[in-house]
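Visitor: One structure, pasted below without further comment.
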Amino acid sequence: MADTTDLGGIATLLLPSNVGMAAFHSCNSGRLRDMELRLRIGQANDVLNGLQLALVDKAVVFRNVVRHAKSYSMKTRAWDAIHTINRAVRKQATIYKQCRKAMVALGASAETLTHYQQLETSDLTVSTAAITQNAHAHRVSHLPWFWSIDVPMDTKSITWMPEFYRTHWLRAKAVRDRWSEEEQLLTAEFQWTINYFNYQAVQWHTCHSECDALGTSCYTARQIAVYERLSEHAKSKQQSMSLKYIPTSMDIDASNV
């Protein structure tokens with residue numbers, strides 16, 4: 001859907017987004033506004049789907065055609081295909097920007113405009129690592145926002161889309177698993193630190209009970225106080241961070257001293 005339809009330079013299509021909402025409010029034509037907004041949302045979905053397919057095509061052509069082109073003629077044809085895809089990407093991006101501009105003119109809700117965000121130039125690039133499962137670039141690669149929009153039937157329109165989604169799903173799962181593992185390790189390290197302080201306090205309690213000299217007894221008492229304060233401080237931090245506290249046999253021994 002174009003913003004305007006030129007009829008021999010005589011007339012343009014009178015849509016609410018073109019003539020302004022004030023004119024339509026004056027004649028109580030809010031239904032036309034809602035109708036065009038629904039059409040614009042459908043148009044945005046179609047354009048974003050086309051943009052996704054074009055970017056995946058570009059990555060596939062780079063990986064399977066451009067990199068394997070040996071002769072001059074093969075490289076020329078390969079780059080011609082890339083230029084054709086780039087023109088398609090620019091066309092889809094232009095249509096989407098016009099579509100979103102119309103949404104703003106129609107007074108779309110903040111939720112709708114958040115869902116259909118601004119399209120930046122950096123969003124129109126794609127790496128060949130996006131469709132290569134064993135690539136090393138997945139740790140820092142992030143898909144632009146429009147890849148998270150659910151477009152029905154997009155995986156059936158091109159054979160490379162399932163592999164593209166699967167690769168990035170596996171990357172996202174690996175990141176989530178790494179965060180989960182790091183959380184478990186940090187929680188365990190917190191507990192290990194508390195256990196170490198408790199252990200040192202128990203050891204100094206043992207030394208204190210065996211000391212006869214006044215100076216040695218004072219020093220061991222000071223060390224007991226230091227490690228007990230460290231343990232209490234670590235426990236308070238653990239509770240404030242809502243970390244799960246795991247009692248150990250060392251805690252039982254320390255409480256009996």
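The way I read the labels, and the way they are meant: chains A, B, ... in the order of the structure tokens, residue 1 as the first residue of every chain, and ligand 1 as the first ligand shown, with later ones counted on from there.
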Would you pick out the contacts of range 90-92 of chain A at 12 Å or less, using only C-alpha atoms, so that residues sharing its chain but fewer than 5 positions from it are not included, and give the list as a ChimeraX atom specification?

Guide: /A:1-2,43-55,83-85,97-99,119-121,123-125

Visitor: Pull C-alpha atoms from the residues just selected and write them as a short mmCIF file (atom, residue, chain, number, x, y, z; two decimals), in the first residue's frame.

Guide:
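Just written: result.cif:
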data_model
loop_
_atom_site.label_atom_id
_atom_site.label_comp_id
_atom_site.auth_asym_id
_atom_site.auth_seq_id
_atom_site.Cartn_x
_atom_site.Cartn_y
_atom_site.Cartn_z
CA MET A 1 0.00 0.00 0.00
CA ALA A 2 1.55 3.26 -1.05
CA GLN A 43 1.31 -3.91 5.66
CA ALA A 44 4.06 -3.59 8.27
CA ASN A 45 3.92 -7.34 8.94
CA ASP A 46 4.20 -8.10 5.22
CA VAL A 47 7.10 -5.70 4.75
CA LEU A 48 9.01 -7.02 7.76
CA ASN A 49 8.49 -10.56 6.52
CA GLY A 50 9.87 -9.57 3.13
CA LEU A 51 12.78 -7.85 4.84
CA GLN A 52 13.59 -10.97 6.84
CA LEU A 53 13.53 -13.15 3.73
CA ALA A 54 15.73 -10.73 1.80
CA LEU A 55 18.33 -10.57 4.56
CA HIS A 83 23.01 -5.87 -5.47
CA THR A 84 19.53 -7.06 -6.43
CA ILE A 85 18.88 -8.18 -2.87
CA LYS A 97 9.31 3.72 7.27
CA GLN A 98 6.41 5.25 5.33
CA CYS A 99 4.04 2.77 6.94
CA LEU A 119 14.08 0.89 11.54
CA GLU A 120 17.75 1.84 11.68
CA THR A 121 20.40 1.32 9.03
CA ASP A 123 19.22 -3.29 11.44
CA LEU A 124 19.55 -4.00 7.72
CA THR A 125 22.82 -5.91 7.99
#

Visitor: Can you pull out the residues contacting Val126 in chain A? Cut-off 9 Å, using only C-alpha atoms, and skip same-chain residues under 6 positions away; I want them as number ranges by chain.

Guide: A: 55-56, 58-59, 143

Visitor: Once DSSP has gone over the backbone, tell me which residues of range 94-123 of chain A are in helix (DSSP H, G or I), as a list in words.

Guide: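 The helix (DSSP H, G or I) residues within range 94-123 of chain A come out as Thr94, Ile95, Tyr96, Lys97, Gln98, Cys99, Arg100, Lys101, Ala102, Met103, Val104, Ala105, Ala110, Glu111, Thr112, Leu113, Thr114, His115, Thr121, Ser122 and Asp123 of chain A.
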
Visitor: Please measure the separation of CA of Glu182 in chain A and CA of Lys237 in chain A, giving the value in Å to one decimal.

Guide: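 Taking CA of Glu182 in chain A as the start and CA of Lys237 in chain A as the end point, the length is 18.0 Å.
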
Visitor: I'd like the contact shell of range 194-201 of chain A - 7 Å cut-off, only C-alpha atoms, skipping same-chain residues fewer than 2 positions apart - returned as a ChimeraX atom specification.

Guide: /A:190-192,203-205,224,227-228,230-231,234,250,254

Visitor: Take the residues from that selection and put them in a file with C-alpha atoms, as a PDB file, in the first residue's frame.

Guide:
ATOM      1  CA  PHE A 190      28.778 -17.100  48.434  1.00  0.00           C
ATOM      2  CA  GLN A 191      28.061 -20.185  50.512  1.00  0.00           C
ATOM      3  CA  TRP A 192      31.670 -21.346  50.279  1.00  0.00           C
ATOM      4  CA  GLN A 203      39.609 -23.207  64.319  1.00  0.00           C
ATOM      5  CA  TRP A 204      40.338 -20.078  66.342  1.00  0.00           C
ATOM      6  CA  HIS A 205      37.846 -21.214  68.987  1.00  0.00           C
ATOM      7  CA  ILE A 224      37.292 -15.246  66.458  1.00  0.00           C
ATOM      8  CA  TYR A 227      35.719 -14.131  61.341  1.00  0.00           C
ATOM      9  CA  GLU A 228      32.359 -14.149  63.100  1.00  0.00           C
ATOM     10  CA  LEU A 230      32.765 -11.501  58.411  1.00  0.00           C
ATOM     11  CA  SER A 231      30.404 -14.473  58.487  1.00  0.00           C
ATOM     12  CA  ALA A 234      28.248 -12.285  54.349  1.00  0.00           C
ATOM     13  CA  MET A 250      30.115 -26.964  59.645  1.00  0.00           C
ATOM     14  CA  ALA A 254      30.090 -23.814  64.853  1.00  0.00           C
TER      15      ALA A 254
END
